[in-house]
$ cat input28.pdb   # PDB, C-alpha atoms, pLDDT in the B column
ATOM      1  CA  MET A   1       0.000   0.000   0.000  1.00 81.00           C
ATOM      2  CA  ALA A   2       1.245   3.470  -0.801  1.00 86.00           C
ATOM      3  CA  ARG A   3       2.248   5.899   1.907  1.00 90.00           C
ATOM      4  CA  SER A   4      -0.289   8.510   3.038  1.00 92.00           C
ATOM      5  CA  VAL A   5       0.245  11.844   1.340  1.00 92.00           C
ATOM      6  CA  TRP A   6      -0.326  13.879   4.479  1.00 94.00           C
ATOM      7  CA  LYS A   7       2.765  12.381   6.080  1.00 93.00           C
ATOM      8  CA  GLY A   8       4.996  13.687   3.326  1.00 91.00           C
ATOM      9  CA  PRO A   9       7.987  11.769   2.018  1.00 91.00           C
ATOM     10  CA  PHE A  10      10.122   9.894   4.521  1.00 91.00           C
ATOM     11  CA  VAL A  11      13.667  11.180   4.864  1.00 91.00           C
ATOM     12  CA  ASP A  12      16.135  10.789   7.701  1.00 90.00           C
ATOM     13  CA  GLY A  13      16.616  14.347   8.927  1.00 89.00           C
ATOM     14  CA  TYR A  14      20.379  14.397   8.974  1.00 90.00           C
ATOM     15  CA  LEU A  15      20.488  13.832   5.215  1.00 88.00           C
ATOM     16  CA  LEU A  16      19.069  17.288   4.689  1.00 89.00           C
ATOM     17  CA  ASN A  17      21.894  18.803   6.760  1.00 89.00           C
ATOM     18  CA  LYS A  18      24.512  16.736   4.970  1.00 87.00           C
ATOM     19  CA  ALA A  19      23.162  17.756   1.580  1.00 87.00           C
ATOM     20  CA  GLU A  20      23.093  21.397   2.634  1.00 87.00           C
ATOM     21  CA  VAL A  21      26.668  21.320   3.858  1.00 87.00           C
ATOM     22  CA  SER A  22      27.880  19.671   0.686  1.00 85.00           C
ATOM     23  CA  ARG A  23      25.999  22.179  -1.453  1.00 84.00           C
ATOM     24  CA  ALA A  24      27.536  25.049   0.498  1.00 85.00           C
ATOM     25  CA  SER A  25      31.067  23.680   0.260  1.00 81.00           C
ATOM     26  CA  GLY A  26      30.717  23.608  -3.507  1.00 74.00           C
ATOM     27  CA  ARG A  27      32.932  20.590  -4.017  1.00 72.00           C
ATOM     28  CA  ASN A  28      31.090  17.696  -5.484  1.00 73.00           C
ATOM     29  CA  GLU A  29      32.329  14.976  -3.221  1.00 81.00           C
ATOM     30  CA  ILE A  30      30.582  11.770  -2.361  1.00 86.00           C
ATOM     31  CA  ILE A  31      28.306  12.023   0.634  1.00 88.00           C
ATOM     32  CA  LYS A  32      28.419   8.728   2.468  1.00 91.00           C
ATOM     33  CA  ILE A  33      25.039   7.632   3.728  1.00 91.00           C
ATOM     34  CA  TRP A  34      23.649   4.543   5.370  1.00 93.00           C
ATOM     35  CA  SER A  35      20.044   5.591   5.146  1.00 91.00           C
ATOM     36  CA  ARG A  36      18.846   3.443   2.261  1.00 92.00           C
ATOM     37  CA  ARG A  37      15.270   3.904   3.397  1.00 92.00           C
ATOM     38  CA  SER A  38      15.176   7.639   2.693  1.00 92.00           C
ATOM     39  CA  THR A  39      13.284   9.089  -0.230  1.00 92.00           C
ATOM     40  CA  ILE A  40      15.251  11.064  -2.785  1.00 92.00           C
ATOM     41  CA  LEU A  41      14.064  14.656  -2.652  1.00 91.00           C
ATOM     42  CA  PRO A  42      14.300  17.330  -5.356  1.00 91.00           C
ATOM     43  CA  GLN A  43      16.972  19.178  -3.368  1.00 88.00           C
ATOM     44  CA  PHE A  44      19.299  16.182  -3.705  1.00 89.00           C
ATOM     45  CA  VAL A  45      19.389  16.401  -7.496  1.00 89.00           C
ATOM     46  CA  GLY A  46      22.910  16.862  -8.842  1.00 87.00           C
ATOM     47  CA  LEU A  47      24.653  15.618  -5.717  1.00 88.00           C
ATOM     48  CA  THR A  48      26.517  12.351  -5.525  1.00 90.00           C
ATOM     49  CA  PHE A  49      25.808  10.014  -2.652  1.00 91.00           C
ATOM     50  CA  GLY A  50      27.649   6.938  -1.559  1.00 92.00           C
ATOM     51  CA  VAL A  51      24.882   4.577  -0.604  1.00 93.00           C
ATOM     52  CA  TYR A  52      25.984   1.764   1.681  1.00 93.00           C
ATOM     53  CA  ASN A  53      25.009  -1.711   0.532  1.00 92.00           C
ATOM     54  CA  GLY A  54      26.282  -3.543   3.606  1.00 93.00           C
ATOM     55  CA  LYS A  55      29.800  -3.754   2.227  1.00 92.00           C
ATOM     56  CA  LYS A  56      30.673  -0.783   0.069  1.00 90.00           C
ATOM     57  CA  PHE A  57      29.430   2.709  -0.655  1.00 93.00           C
ATOM     58  CA  ILE A  58      27.920   2.655  -4.135  1.00 91.00           C
ATOM     59  CA  PRO A  59      28.215   6.051  -5.804  1.00 91.00           C
ATOM     60  CA  VAL A  60      24.840   7.305  -6.943  1.00 90.00           C
ATOM     61  CA  GLN A  61      24.629  10.450  -9.039  1.00 90.00           C
ATOM     62  CA  VAL A  62      21.135  11.742  -8.366  1.00 90.00           C
ATOM     63  CA  THR A  63      19.238  12.794 -11.466  1.00 90.00           C
ATOM     64  CA  GLU A  64      15.855  14.349 -11.830  1.00 89.00           C
ATOM     65  CA  ASN A  65      13.865  11.208 -12.524  1.00 88.00           C
ATOM     66  CA  MET A  66      15.248   9.485  -9.441  1.00 90.00           C
ATOM     67  CA  VAL A  67      13.181  11.828  -7.290  1.00 90.00           C
ATOM     68  CA  GLY A  68      10.567   9.898  -5.357  1.00 90.00           C
ATOM     69  CA  HIS A  69      12.544   6.665  -5.293  1.00 92.00           C
ATOM     70  CA  LYS A  70      14.510   5.451  -2.285  1.00 92.00           C
ATOM     71  CA  PHE A  71      18.293   5.509  -2.044  1.00 92.00           C
ATOM     72  CA  GLY A  72      18.390   1.781  -1.462  1.00 92.00           C
ATOM     73  CA  GLU A  73      16.963   1.087  -4.898  1.00 92.00           C
ATOM     74  CA  PHE A  74      20.193   2.268  -6.490  1.00 92.00           C
ATOM     75  CA  SER A  75      22.587   0.253  -4.413  1.00 91.00           C
ATOM     76  CA  PRO A  76      22.114  -3.497  -4.906  1.00 91.00           C
ATOM     77  CA  THR A  77      22.818  -5.619  -1.850  1.00 91.00           C
ATOM     78  CA  ARG A  78      23.169  -8.967  -3.534  1.00 89.00           C
ATOM     79  CA  THR A  79      25.700 -10.257  -6.019  1.00 87.00           C
ATOM     80  CA  PHE A  80      24.930 -13.115  -8.322  1.00 84.00           C
ATOM     81  CA  ASN A  81      27.603 -14.336 -10.688  1.00 82.00           C
ATOM     82  CA  GLY A  82      25.711 -17.221 -12.226  1.00 78.00           C
ATOM     83  CA  HIS A  83      25.727 -20.842 -11.270  1.00 75.00           C
ATOM     84  CA  SER A  84      28.847 -22.934 -11.622  1.00 72.00           C
ATOM     85  CA  ALA A  85      28.561 -25.952 -13.884  1.00 64.00           C
ATOM     86  CA  ASP A  86      29.031 -29.407 -12.403  1.00 59.00           C
ATOM     87  CA  LYS A  87      32.701 -30.293 -12.867  1.00 59.00           C
ATOM     88  CA  LYS A  88      32.263 -34.074 -12.963  1.00 57.00           C
ATOM     89  CA  ALA A  89      29.608 -33.964 -15.625  1.00 54.00           C
ATOM     90  CA  LYS A  90      31.738 -31.682 -17.764  1.00 50.00           C
ATOM     91  CA  ARG A  91      34.604 -34.179 -17.844  1.00 50.00           C
ATOM     92  CA  GLY A  92      32.388 -37.174 -18.609  1.00 45.00           C
TER      93      GLY A  92
ATOM     94  CA  MET B   1     -16.527  -5.781 -40.274  1.00 62.00           C
ATOM     95  CA  ALA B   2     -15.718  -2.874 -38.067  1.00 70.00           C
ATOM     96  CA  ARG B   3     -12.364  -1.236 -37.808  1.00 78.00           C
ATOM     97  CA  ILE B   4     -11.813   0.558 -34.528  1.00 79.00           C
ATOM     98  CA  ALA B   5      -8.576   2.031 -33.274  1.00 76.00           C
ATOM     99  CA  GLY B   6      -6.438   0.822 -36.145  1.00 77.00           C
ATOM    100  CA  VAL B   7      -6.135  -2.823 -37.010  1.00 73.00           C
ATOM    101  CA  ASN B   8      -8.713  -4.397 -34.751  1.00 73.00           C
ATOM    102  CA  ILE B   9     -11.566  -6.149 -36.495  1.00 72.00           C
ATOM    103  CA  PRO B  10     -13.780  -7.883 -33.950  1.00 73.00           C
ATOM    104  CA  THR B  11     -16.764  -9.549 -35.655  1.00 77.00           C
ATOM    105  CA  ASN B  12     -20.134 -10.995 -34.745  1.00 83.00           C
ATOM    106  CA  LYS B  13     -19.802 -10.832 -30.986  1.00 86.00           C
ATOM    107  CA  ARG B  14     -21.448  -8.501 -28.526  1.00 88.00           C
ATOM    108  CA  VAL B  15     -19.956  -5.031 -28.654  1.00 87.00           C
ATOM    109  CA  ALA B  16     -18.660  -5.088 -25.087  1.00 88.00           C
ATOM    110  CA  ILE B  17     -16.874  -8.345 -25.778  1.00 88.00           C
ATOM    111  CA  SER B  18     -15.386  -7.477 -29.120  1.00 88.00           C
ATOM    112  CA  LEU B  19     -14.081  -4.120 -27.941  1.00 88.00           C
ATOM    113  CA  ARG B  20     -11.840  -6.068 -25.608  1.00 88.00           C
ATOM    114  CA  TYR B  21      -9.867  -7.293 -28.602  1.00 88.00           C
ATOM    115  CA  ILE B  22      -8.341  -3.834 -28.644  1.00 88.00           C
ATOM    116  CA  TYR B  23      -5.106  -3.671 -26.647  1.00 89.00           C
ATOM    117  CA  GLY B  24      -5.797  -1.395 -23.707  1.00 90.00           C
ATOM    118  CA  ILE B  25      -9.532  -2.008 -23.439  1.00 90.00           C
ATOM    119  CA  GLY B  26     -10.641  -4.551 -20.893  1.00 90.00           C
ATOM    120  CA  PRO B  27     -13.992  -5.496 -19.368  1.00 93.00           C
ATOM    121  CA  LYS B  28     -14.274  -2.254 -17.410  1.00 93.00           C
ATOM    122  CA  ASN B  29     -13.444   0.123 -20.240  1.00 92.00           C
ATOM    123  CA  ALA B  30     -15.609  -1.785 -22.727  1.00 90.00           C
ATOM    124  CA  LYS B  31     -18.579  -1.550 -20.385  1.00 91.00           C
ATOM    125  CA  ASP B  32     -17.949   2.150 -19.794  1.00 91.00           C
ATOM    126  CA  ILE B  33     -17.871   2.803 -23.522  1.00 90.00           C
ATOM    127  CA  ILE B  34     -21.175   1.132 -24.337  1.00 89.00           C
ATOM    128  CA  ASP B  35     -22.842   2.675 -21.284  1.00 91.00           C
ATOM    129  CA  HIS B  36     -21.601   6.101 -22.220  1.00 90.00           C
ATOM    130  CA  LEU B  37     -22.903   5.794 -25.772  1.00 89.00           C
ATOM    131  CA  GLY B  38     -26.139   4.105 -24.737  1.00 88.00           C
ATOM    132  CA  ILE B  39     -25.572   0.985 -26.789  1.00 88.00           C
ATOM    133  CA  PRO B  40     -27.593  -1.960 -25.444  1.00 88.00           C
ATOM    134  CA  GLU B  41     -25.520  -4.800 -24.099  1.00 87.00           C
ATOM    135  CA  GLU B  42     -26.996  -7.487 -26.350  1.00 87.00           C
ATOM    136  CA  ARG B  43     -26.206  -5.563 -29.542  1.00 86.00           C
ATOM    137  CA  ARG B  44     -23.655  -7.255 -31.736  1.00 87.00           C
ATOM    138  CA  VAL B  45     -20.985  -5.534 -33.766  1.00 85.00           C
ATOM    139  CA  ASN B  46     -22.532  -6.418 -37.131  1.00 85.00           C
ATOM    140  CA  GLN B  47     -25.819  -4.811 -35.985  1.00 84.00           C
ATOM    141  CA  LEU B  48     -24.183  -1.478 -35.232  1.00 84.00           C
ATOM    142  CA  THR B  49     -25.064   1.429 -37.456  1.00 85.00           C
ATOM    143  CA  ASP B  50     -22.267   3.302 -39.178  1.00 85.00           C
ATOM    144  CA  GLU B  51     -22.971   6.261 -36.972  1.00 88.00           C
ATOM    145  CA  GLU B  52     -22.561   4.199 -33.794  1.00 87.00           C
ATOM    146  CA  VAL B  53     -19.285   2.758 -35.036  1.00 87.00           C
ATOM    147  CA  LEU B  54     -18.109   6.268 -35.725  1.00 87.00           C
ATOM    148  CA  ARG B  55     -19.033   7.394 -32.238  1.00 88.00           C
ATOM    149  CA  ILE B  56     -17.224   4.475 -30.624  1.00 88.00           C
ATOM    150  CA  ARG B  57     -14.172   5.262 -32.701  1.00 88.00           C
ATOM    151  CA  GLU B  58     -14.232   8.913 -31.718  1.00 88.00           C
ATOM    152  CA  LEU B  59     -14.727   8.157 -28.041  1.00 90.00           C
ATOM    153  CA  ILE B  60     -11.779   5.774 -27.983  1.00 88.00           C
ATOM    154  CA  ASP B  61      -9.598   8.219 -29.865  1.00 86.00           C
ATOM    155  CA  ARG B  62     -10.461  10.950 -27.439  1.00 88.00           C
ATOM    156  CA  GLU B  63     -10.505   9.268 -24.064  1.00 88.00           C
ATOM    157  CA  TYR B  64      -8.440   6.115 -24.151  1.00 89.00           C
ATOM    158  CA  ARG B  65      -4.828   5.225 -24.746  1.00 89.00           C
ATOM    159  CA  VAL B  66      -4.791   2.055 -26.799  1.00 86.00           C
ATOM    160  CA  GLU B  67      -2.619  -0.134 -29.009  1.00 84.00           C
ATOM    161  CA  GLY B  68       0.601   1.497 -30.192  1.00 87.00           C
ATOM    162  CA  ASP B  69       0.420   4.506 -27.928  1.00 90.00           C
ATOM    163  CA  LEU B  70      -0.116   2.359 -24.871  1.00 92.00           C
ATOM    164  CA  ARG B  71       2.652  -0.039 -25.836  1.00 93.00           C
ATOM    165  CA  ARG B  72       4.998   2.869 -26.409  1.00 93.00           C
ATOM    166  CA  GLU B  73       4.145   4.352 -23.038  1.00 93.00           C
ATOM    167  CA  GLU B  74       4.803   1.033 -21.326  1.00 92.00           C
ATOM    168  CA  ALA B  75       8.135   0.679 -23.084  1.00 93.00           C
ATOM    169  CA  MET B  76       9.050   4.218 -22.061  1.00 93.00           C
ATOM    170  CA  ASN B  77       8.268   3.493 -18.429  1.00 92.00           C
ATOM    171  CA  LYS B  78      10.388   0.376 -18.531  1.00 92.00           C
ATOM    172  CA  LYS B  79      13.211   2.229 -20.223  1.00 92.00           C
ATOM    173  CA  ARG B  80      13.096   4.963 -17.604  1.00 91.00           C
ATOM    174  CA  LEU B  81      13.563   2.393 -14.842  1.00 91.00           C
ATOM    175  CA  MET B  82      16.344   0.646 -16.714  1.00 90.00           C
ATOM    176  CA  ASP B  83      18.252   3.856 -17.469  1.00 89.00           C
ATOM    177  CA  MET B  84      18.104   4.900 -13.841  1.00 88.00           C
ATOM    178  CA  ALA B  85      19.696   1.600 -12.856  1.00 86.00           C
ATOM    179  CA  CYS B  86      17.339   1.205  -9.936  1.00 89.00           C
ATOM    180  CA  TYR B  87      16.384  -2.181  -8.565  1.00 91.00           C
ATOM    181  CA  ARG B  88      13.238  -2.482 -10.654  1.00 92.00           C
ATOM    182  CA  GLY B  89      15.181  -1.514 -13.751  1.00 92.00           C
ATOM    183  CA  LEU B  90      17.772  -4.189 -13.097  1.00 91.00           C
ATOM    184  CA  ARG B  91      15.040  -6.796 -12.706  1.00 92.00           C
ATOM    185  CA  HIS B  92      13.527  -5.744 -16.019  1.00 92.00           C
ATOM    186  CA  ARG B  93      16.924  -6.046 -17.670  1.00 91.00           C
ATOM    187  CA  LYS B  94      17.443  -9.532 -16.351  1.00 90.00           C
ATOM    188  CA  GLY B  95      13.923 -10.626 -17.182  1.00 91.00           C
ATOM    189  CA  LEU B  96      13.166 -11.607 -13.605  1.00 91.00           C
ATOM    190  CA  PRO B  97      10.128 -10.752 -11.470  1.00 93.00           C
ATOM    191  CA  VAL B  98      10.116  -7.061 -10.584  1.00 92.00           C
ATOM    192  CA  ARG B  99       7.894  -6.949  -7.532  1.00 92.00           C
ATOM    193  CA  GLY B 100       9.682  -9.136  -5.078  1.00 91.00           C
ATOM    194  CA  GLN B 101       8.181 -12.508  -5.966  1.00 92.00           C
ATOM    195  CA  ARG B 102      10.135 -15.664  -5.255  1.00 91.00           C
ATOM    196  CA  THR B 103      12.405 -17.028  -7.953  1.00 90.00           C
ATOM    197  CA  HIS B 104      13.549 -20.210  -6.228  1.00 89.00           C
ATOM    198  CA  THR B 105      10.625 -21.878  -7.975  1.00 89.00           C
ATOM    199  CA  ASN B 106       7.986 -20.606 -10.359  1.00 89.00           C
ATOM    200  CA  ALA B 107       8.368 -17.143 -11.928  1.00 89.00           C
ATOM    201  CA  ARG B 108       8.020 -18.925 -15.271  1.00 90.00           C
ATOM    202  CA  THR B 109       6.068 -16.112 -16.872  1.00 90.00           C
ATOM    203  CA  ARG B 110       9.012 -13.773 -16.558  1.00 89.00           C
ATOM    204  CA  LYS B 111      11.794 -16.297 -16.956  1.00 88.00           C
ATOM    205  CA  GLY B 112      10.287 -18.128 -19.898  1.00 87.00           C
ATOM    206  CA  LYS B 113      10.270 -21.838 -20.419  1.00 87.00           C
ATOM    207  CA  ALA B 114      12.568 -23.860 -18.178  1.00 83.00           C
ATOM    208  CA  VAL B 115      15.981 -24.636 -19.659  1.00 80.00           C
ATOM    209  CA  ALA B 116      17.909 -27.717 -18.586  1.00 76.00           C
ATOM    210  CA  ILE B 117      21.097 -26.931 -16.683  1.00 70.00           C
ATOM    211  CA  ALA B 118      24.138 -27.998 -18.697  1.00 68.00           C
ATOM    212  CA  GLY B 119      26.028 -30.792 -17.037  1.00 66.00           C
ATOM    213  CA  LYS B 120      23.671 -31.442 -14.185  1.00 67.00           C
ATOM    214  CA  LYS B 121      23.938 -35.003 -12.953  1.00 68.00           C
ATOM    215  CA  LYS B 122      20.792 -37.054 -13.379  1.00 69.00           C
ATOM    216  CA  VAL B 123      19.560 -38.890 -10.325  1.00 71.00           C
ATOM    217  CA  THR B 124      19.882 -42.628 -10.934  1.00 71.00           C
ATOM    218  CA  LYS B 125      18.182 -45.284  -8.877  1.00 62.00           C
TER     219      LYS B 125
END
$ encode --input "input28.pdb" --output "structure tokens"
Amino acid sequence: MARSVWKGPFVDGYLLNKAEVSRASGRNEIIKIWSRRSTILPQFVGLTFGVYNGKKFIPVQVTENMVGHKFGEFSPTRTFNGHSADKKAKRG
Amino acid sequence: MARIAGVNIPTNKRVAISLRYIYGIGPKNAKDIIDHLGIPEERRVNQLTDEEVLRIRELIDREYRVEGDLRREEAMNKKRLMDMACYRGLRHRKGLPVRGQRTHTNARTRKGKAVAIAGKKKVTK
């Protein structure tokens, strides 16, 4: 079920501060965040975030059409490299 | 023979049924259309007057997104997700279920027909 509109989008508060600080500093450095559950807001557009996936910070350059999605959507937590073939069967 | 919204030629069925042959018009929309135009439910397509056919055609053109336009819109939405490289986009790319369904078993609609794993040992009794 979708979130009630009256609540507004969910964002961890400190992200707003972090974004502000980074904007003010002018350098476009990666902002490390752990808050995968936060919604991407319009004021984040253009910034680069490092979204933690449990192991690494995945750099995410926020573009306009990412607004409304969550940070976690852009930082996959699972790796799948395909199944290995059965060695015995290969030989035989 | 009635041509509505491009290539669709539904024949001697009830109007509400044959309208559903158009991509983008299902039971609900078909019912809405005939109700809106005051066409009785038991009327069949080959009993429609030219004027009625025309009105159906106009209504669909005006109010509904069907066939090519709808397909294009869908493709655009998919492409948007894929270009963003978000989770849903990745699932679309890989042809796996997008909305969190299990893939351990089933998911055959998305994955297509089962393919035998190369080199898997057969169980012998």
$ closest_residue --input "input28.pdb" --among "A:Phe49, A:Trp6, A:Tyr14, A:Phe71" --to "Ile30 of chain A" --atoms "only C-alpha atoms"
A:Phe49
$ residues_around --input "input28.pdb" --residues "segment 36-45 of chain B" --least-positions-apart "3" --cutoff "10 Å" --atoms "only C-alpha atoms" --output "JSON, numbers by chain"
{"B": [1, 2, 9, 10, 11, 12, 13, 14, 15, 16, 17, 18, 19, 30, 31, 32, 33, 48, 49, 52, 53, 55, 56, 59]}
$ write_last_selection --input "input28.pdb" --atoms "C-alpha atoms" --output "short mmCIF file (atom, residue, chain, number, x, y, z; two decimals), in the coordinates of the input"
data_model
loop_
_atom_site.label_atom_id
_atom_site.label_comp_id
_atom_site.auth_asym_id
_atom_site.auth_seq_id
_atom_site.Cartn_x
_atom_site.Cartn_y
_atom_site.Cartn_z
CA MET B 1 -16.53 -5.78 -40.27
CA ALA B 2 -15.72 -2.87 -38.07
CA ILE B 9 -11.57 -6.15 -36.49
CA PRO B 10 -13.78 -7.88 -33.95
CA THR B 11 -16.76 -9.55 -35.66
CA ASN B 12 -20.13 -11.00 -34.74
CA LYS B 13 -19.80 -10.83 -30.99
CA ARG B 14 -21.45 -8.50 -28.53
CA VAL B 15 -19.96 -5.03 -28.65
CA ALA B 16 -18.66 -5.09 -25.09
CA ILE B 17 -16.87 -8.35 -25.78
CA SER B 18 -15.39 -7.48 -29.12
CA LEU B 19 -14.08 -4.12 -27.94
CA ALA B 30 -15.61 -1.78 -22.73
CA LYS B 31 -18.58 -1.55 -20.39
CA ASP B 32 -17.95 2.15 -19.79
CA ILE B 33 -17.87 2.80 -23.52
CA LEU B 48 -24.18 -1.48 -35.23
CA THR B 49 -25.06 1.43 -37.46
CA GLU B 52 -22.56 4.20 -33.79
CA VAL B 53 -19.28 2.76 -35.04
CA ARG B 55 -19.03 7.39 -32.24
CA ILE B 56 -17.22 4.47 -30.62
CA LEU B 59 -14.73 8.16 -28.04
#
$ resolve_selection --input "input28.pdb" --expression "the PyMOL selection byres ((chain A and resi 68) around 9)" --output "PDB file with C-alpha atoms, in the coordinates of the input"
ATOM      1  CA  PRO A   9       7.987  11.769   2.018  1.00 91.00           C
ATOM      2  CA  THR A  39      13.284   9.089  -0.230  1.00 92.00           C
ATOM      3  CA  ILE A  40      15.251  11.064  -2.785  1.00 92.00           C
ATOM      4  CA  LEU A  41      14.064  14.656  -2.652  1.00 91.00           C
ATOM      5  CA  PRO A  42      14.300  17.330  -5.356  1.00 91.00           C
ATOM      6  CA  ASN A  65      13.865  11.208 -12.524  1.00 88.00           C
ATOM      7  CA  MET A  66      15.248   9.485  -9.441  1.00 90.00           C
ATOM      8  CA  VAL A  67      13.181  11.828  -7.290  1.00 90.00           C
ATOM      9  CA  HIS A  69      12.544   6.665  -5.293  1.00 92.00           C
ATOM     10  CA  LYS A  70      14.510   5.451  -2.285  1.00 92.00           C
TER      11      LYS A  70
END
$ residues_around --input "input28.pdb" --residues "Glu29 of chain A" --least-positions-apart "4" --cutoff "10 Å" --atoms "all atoms listed in the file" --output "ChimeraX atom specification"
/A:22-23,25,47-50
$ write_last_selection --input "input28.pdb" --atoms "C-alpha atoms" --output "compact mmCIF listing (two decimals), in the frame of the given file"
# COMPACT_ATOMS: atom_id res chain seq x y z
CA SER A 22 27.88 19.67 0.69
CA ARG A 23 26.00 22.18 -1.45
CA SER A 25 31.07 23.68 0.26
CA LEU A 47 24.65 15.62 -5.72
CA THR A 48 26.52 12.35 -5.52
CA PHE A 49 25.81 10.01 -2.65
CA GLY A 50 27.65 6.94 -1.56
$ resolve_selection --input "input28.pdb" --expression "the PyMOL selection byres ((chain B and resi 90-106) around 12)" --output "number ranges by chain"
A: 73-76, 78, 80; B: 75, 77-89, 107-114
$ atom_distance --input "input28.pdb" --atom1 "atom CA of Val60 of chain A" --atom2 "atom CA of Gly8 of chain A"
23.2 Å
$ resolve_selection --input "input28.pdb" --expression "the PyMOL selection byres ((chain B and resi 5) around 12)" --output "PyMOL selection string"
chain B and resi 2-4+6-10+19-25+53-70
$ atom_distance --input "input28.pdb" --atom1 "atom CA of Gln43 of chain A" --atom2 "atom CA of Glu20 of chain A"
8.9 Å
$ atom_distance --input "input28.pdb" --atom1 "atom CA of Asn17 of chain A" --atom2 "atom CA of Gln61 of chain A"
18.1 Å
$ build_atoms --input "input28.pdb" --residues "segment 25-37 of chain B" --atoms "N, CA, C and O atoms" --output "CSV table (one decimal), in the frame of the given file"
chain,number,residue,atom,x,y,z
B,25,ILE,N,-8.1,-2.1,-23.8
B,25,ILE,CA,-9.5,-2.0,-23.4
B,25,ILE,C,-9.9,-3.4,-22.9
B,25,ILE,O,-9.9,-4.4,-23.6
B,26,GLY,N,-10.3,-3.3,-21.6
B,26,GLY,CA,-10.6,-4.6,-20.9
B,26,GLY,C,-12.1,-4.5,-20.6
B,26,GLY,O,-12.9,-3.7,-21.1
B,27,PRO,N,-12.6,-5.4,-19.7
B,27,PRO,CA,-14.0,-5.5,-19.4
B,27,PRO,C,-14.6,-4.2,-18.9
B,27,PRO,O,-15.6,-3.7,-19.3
B,28,LYS,N,-13.8,-3.5,-18.0
B,28,LYS,CA,-14.3,-2.3,-17.4
B,28,LYS,C,-14.4,-1.2,-18.5
B,28,LYS,O,-15.5,-0.6,-18.6
B,29,ASN,N,-13.4,-0.9,-19.2
B,29,ASN,CA,-13.4,0.1,-20.2
B,29,ASN,C,-14.5,-0.2,-21.3
B,29,ASN,O,-15.2,0.8,-21.7
B,30,ALA,N,-14.6,-1.4,-21.7
B,30,ALA,CA,-15.6,-1.8,-22.7
B,30,ALA,C,-17.0,-1.5,-22.2
B,30,ALA,O,-17.8,-0.9,-22.9
B,31,LYS,N,-17.3,-1.8,-21.0
B,31,LYS,CA,-18.6,-1.6,-20.4
B,31,LYS,C,-18.8,0.0,-20.3
B,31,LYS,O,-19.9,0.4,-20.7
B,32,ASP,N,-17.8,0.7,-19.9
B,32,ASP,CA,-17.9,2.2,-19.8
B,32,ASP,C,-18.3,2.7,-21.1
B,32,ASP,O,-19.1,3.7,-21.2
B,33,ILE,N,-17.7,2.2,-22.2
B,33,ILE,CA,-17.9,2.8,-23.5
B,33,ILE,C,-19.3,2.6,-24.0
B,33,ILE,O,-20.0,3.5,-24.4
B,34,ILE,N,-19.8,1.4,-23.9
B,34,ILE,CA,-21.2,1.1,-24.3
B,34,ILE,C,-22.2,1.8,-23.5
B,34,ILE,O,-23.2,2.3,-24.0
B,35,ASP,N,-21.9,1.9,-22.2
B,35,ASP,CA,-22.8,2.7,-21.3
B,35,ASP,C,-22.9,4.1,-21.7
B,35,ASP,O,-23.9,4.8,-21.7
B,36,HIS,N,-21.7,4.7,-21.9
B,36,HIS,CA,-21.6,6.1,-22.2
B,36,HIS,C,-22.3,6.4,-23.5
B,36,HIS,O,-22.9,7.5,-23.6
B,37,LEU,N,-22.3,5.5,-24.5
B,37,LEU,CA,-22.9,5.8,-25.8
B,37,LEU,C,-24.3,5.3,-25.8
B,37,LEU,O,-25.0,5.4,-26.8
